[in-house]
Amino acid sequence: MDFLDERLLFICDVSSDERTPLGKYNAGVPEDRRIRPGDYIMEVNGERESAQVMNGALRNVDKLDLLVLRPNTWQRQITKDPTSGVGLELSHARGTSSLVIQEVREGGVVSREAPEVQPGDRITAVDGVTGTPDKLMRTIAASTKPVIQFSRAL
């Protein structure tokens, strides 16, 4: 789980172990209501103040009441500028599976070629490659025209 954007929890991976809160939740709901990697959690047991508070509310509980948002995902191929890269300020944390966009630099490649991208969006795949933030950044660096998959909570 990743709470880098401070207002939503981003699901990186979901264990099927029913001893975990999300594993227990998924075991008790129909498939279309199960939490999946890439989903966003907006509220946990009535808590929505911050991602930190929601993360705490997931611990040591017998029952979970969740407000889950499915991601809106889209892809754009961009042509990197050899001197300025893609024009994004990114953040990430160890153990996560995405890059969080902190800033879209005005006049940068992404602002021109994918103007719908905004701070808070996430990069979840590059050229079809998913994985750790380091892997995503290496894939961006290795390609002159990366196809980037973006994600945003609906």
# chains A, B, ... in the order shown; residues from 1 in each chain; ligands from 1

call {"tool": "select_by_dssp", "arguments": {"residues": "range 5-152 of chain A", "states": "strand (DSSP E)", "output": "number ranges by chain"}}
result
A: 9-10, 40-44, 66-69, 71-77, 88-91, 99-104, 122-126, 147-152

call {"tool": "write_last_selection", "arguments": {"atoms": "C-alpha atoms", "output": "mmCIF file, in the first residue's frame"}}
result
data_model
loop_
_atom_site.group_PDB
_atom_site.id
_atom_site.type_symbol
_atom_site.label_atom_id
_atom_site.label_comp_id
_atom_site.auth_asym_id
_atom_site.auth_seq_id
_atom_site.Cartn_x
_atom_site.Cartn_y
_atom_site.Cartn_z
ATOM 1 C CA LEU A 9 -4.315 4.926 -0.405
ATOM 2 C CA PHE A 10 -2.999 3.311 -3.603
ATOM 3 C CA TYR A 40 -7.523 3.681 -4.688
ATOM 4 C CA ILE A 41 -9.061 3.684 -1.210
ATOM 5 C CA MET A 42 -10.780 6.923 -0.282
ATOM 6 C CA GLU A 43 -12.221 5.935 3.106
ATOM 7 C CA VAL A 44 -11.595 3.245 5.750
ATOM 8 C CA LEU A 66 -14.131 0.750 2.519
ATOM 9 C CA LEU A 67 -14.835 3.347 -0.134
ATOM 10 C CA VAL A 68 -12.822 2.144 -3.133
ATOM 11 C CA LEU A 69 -12.263 4.054 -6.353
ATOM 12 C CA PRO A 71 -8.536 3.843 -11.497
ATOM 13 C CA ASN A 72 -8.936 5.763 -14.700
ATOM 14 C CA THR A 73 -5.940 4.678 -16.781
ATOM 15 C CA TRP A 74 -4.675 5.939 -20.109
ATOM 16 C CA GLN A 75 -1.520 5.737 -22.184
ATOM 17 C CA ARG A 76 0.463 8.338 -24.073
ATOM 18 C CA GLN A 77 3.604 7.975 -26.117
ATOM 19 C CA LEU A 88 8.004 15.692 -14.615
ATOM 20 C CA GLU A 89 8.926 15.934 -10.954
ATOM 21 C CA LEU A 90 8.293 12.470 -9.504
ATOM 22 C CA SER A 91 8.237 10.853 -6.070
ATOM 23 C CA LEU A 99 5.639 6.900 -9.554
ATOM 24 C CA VAL A 100 3.612 9.836 -8.227
ATOM 25 C CA ILE A 101 3.662 12.991 -10.321
ATOM 26 C CA GLN A 102 4.431 15.940 -8.046
ATOM 27 C CA GLU A 103 4.814 18.547 -10.785
ATOM 28 C CA VAL A 104 4.296 18.813 -14.539
ATOM 29 C CA ARG A 122 0.606 8.107 -11.174
ATOM 30 C CA ILE A 123 2.790 6.317 -13.687
ATOM 31 C CA THR A 124 1.979 2.608 -13.376
ATOM 32 C CA ALA A 125 3.686 1.167 -16.479
ATOM 33 C CA VAL A 126 6.211 2.203 -19.128
ATOM 34 C CA VAL A 147 4.617 4.722 -23.900
ATOM 35 C CA ILE A 148 3.579 5.733 -20.397
ATOM 36 C CA GLN A 149 0.509 4.431 -18.603
ATOM 37 C CA PHE A 150 -0.979 6.987 -16.252
ATOM 38 C CA SER A 151 -3.513 6.367 -13.482
ATOM 39 C CA ARG A 152 -5.876 8.667 -11.625
#

call {"tool": "closest_atom_pairs", "arguments": {"of": "range 26-80 of chain A", "to": "range 108-117 of chain A", "cutoff": "8 Å", "atoms": "only C-alpha atoms", "output": "CSV"}}
result
residue,atom,partner,partner_atom,distance
A:Arg76,CA,A:Ala114,CA,6.6
A:Ile78,CA,A:Glu113,CA,6.2
A:Thr79,CA,A:Val109,CA,7.0
A:Lys80,CA,A:Val109,CA,6.5

call {"tool": "write_last_selection", "arguments": {"atoms": "all heavy atoms", "output": "PDB file, in the first residue's frame"}}
result
ATOM      1  N   ARG A  76      -0.008   7.343 -23.110  1.00  0.00           N
ATOM      2  CA  ARG A  76       0.463   8.338 -24.073  1.00  0.00           C
ATOM      3  C   ARG A  76       1.905   8.008 -24.425  1.00  0.00           C
ATOM      4  O   ARG A  76       2.718   7.726 -23.545  1.00  0.00           O
ATOM      5  CB  ARG A  76       0.429   9.757 -23.508  1.00  0.00           C
ATOM      6  CG  ARG A  76      -0.926  10.310 -23.218  1.00  0.00           C
ATOM      7  CD  ARG A  76      -1.721  10.569 -24.499  1.00  0.00           C
ATOM      8  NE  ARG A  76      -3.034  11.046 -24.183  1.00  0.00           N
ATOM      9  CZ  ARG A  76      -4.110  10.287 -24.014  1.00  0.00           C
ATOM     10  NH1 ARG A  76      -4.019   8.989 -24.131  1.00  0.00           N
ATOM     11  NH2 ARG A  76      -5.265  10.817 -23.737  1.00  0.00           N
ATOM     12  N   ILE A  78       5.307   9.560 -25.553  1.00  0.00           N
ATOM     13  CA  ILE A  78       5.929  10.879 -25.555  1.00  0.00           C
ATOM     14  C   ILE A  78       7.320  10.771 -26.163  1.00  0.00           C
ATOM     15  O   ILE A  78       7.929   9.710 -26.154  1.00  0.00           O
ATOM     16  CB  ILE A  78       5.996  11.483 -24.135  1.00  0.00           C
ATOM     17  CG1 ILE A  78       6.815  10.604 -23.214  1.00  0.00           C
ATOM     18  CG2 ILE A  78       4.610  11.710 -23.566  1.00  0.00           C
ATOM     19  CD1 ILE A  78       7.194  11.264 -21.928  1.00  0.00           C
ATOM     20  N   THR A  79       7.788  11.863 -26.701  1.00  0.00           N
ATOM     21  CA  THR A  79       9.132  11.924 -27.265  1.00  0.00           C
ATOM     22  C   THR A  79       9.998  12.689 -26.285  1.00  0.00           C
ATOM     23  O   THR A  79       9.794  13.888 -26.085  1.00  0.00           O
ATOM     24  CB  THR A  79       9.113  12.628 -28.635  1.00  0.00           C
ATOM     25  OG1 THR A  79       8.186  11.956 -29.478  1.00  0.00           O
ATOM     26  CG2 THR A  79      10.491  12.624 -29.263  1.00  0.00           C
ATOM     27  N   LYS A  80      10.936  11.975 -25.666  1.00  0.00           N
ATOM     28  CA  LYS A  80      11.767  12.622 -24.646  1.00  0.00           C
ATOM     29  C   LYS A  80      12.683  13.662 -25.254  1.00  0.00           C
ATOM     30  O   LYS A  80      13.197  13.504 -26.345  1.00  0.00           O
ATOM     31  CB  LYS A  80      12.632  11.570 -23.941  1.00  0.00           C
ATOM     32  CG  LYS A  80      11.891  10.805 -22.908  1.00  0.00           C
ATOM     33  CD  LYS A  80      12.729   9.850 -22.080  1.00  0.00           C
ATOM     34  CE  LYS A  80      14.160   9.749 -22.386  1.00  0.00           C
ATOM     35  NZ  LYS A  80      14.826   8.598 -21.803  1.00  0.00           N
TER      36      LYS A  80
END

call {"tool": "select_by_dssp", "arguments": {"residues": "range 9-79 of chain A", "states": "helix (DSSP H, G or I)", "output": "PyMOL selection string"}}
result
chain A and resi 21-27+31-33+51-57

call {"tool": "atom_distance", "arguments": {"atom1": "CA of Pro133 in chain A", "atom2": "CA of Arg33 in chain A"}}
result
27.4 Å
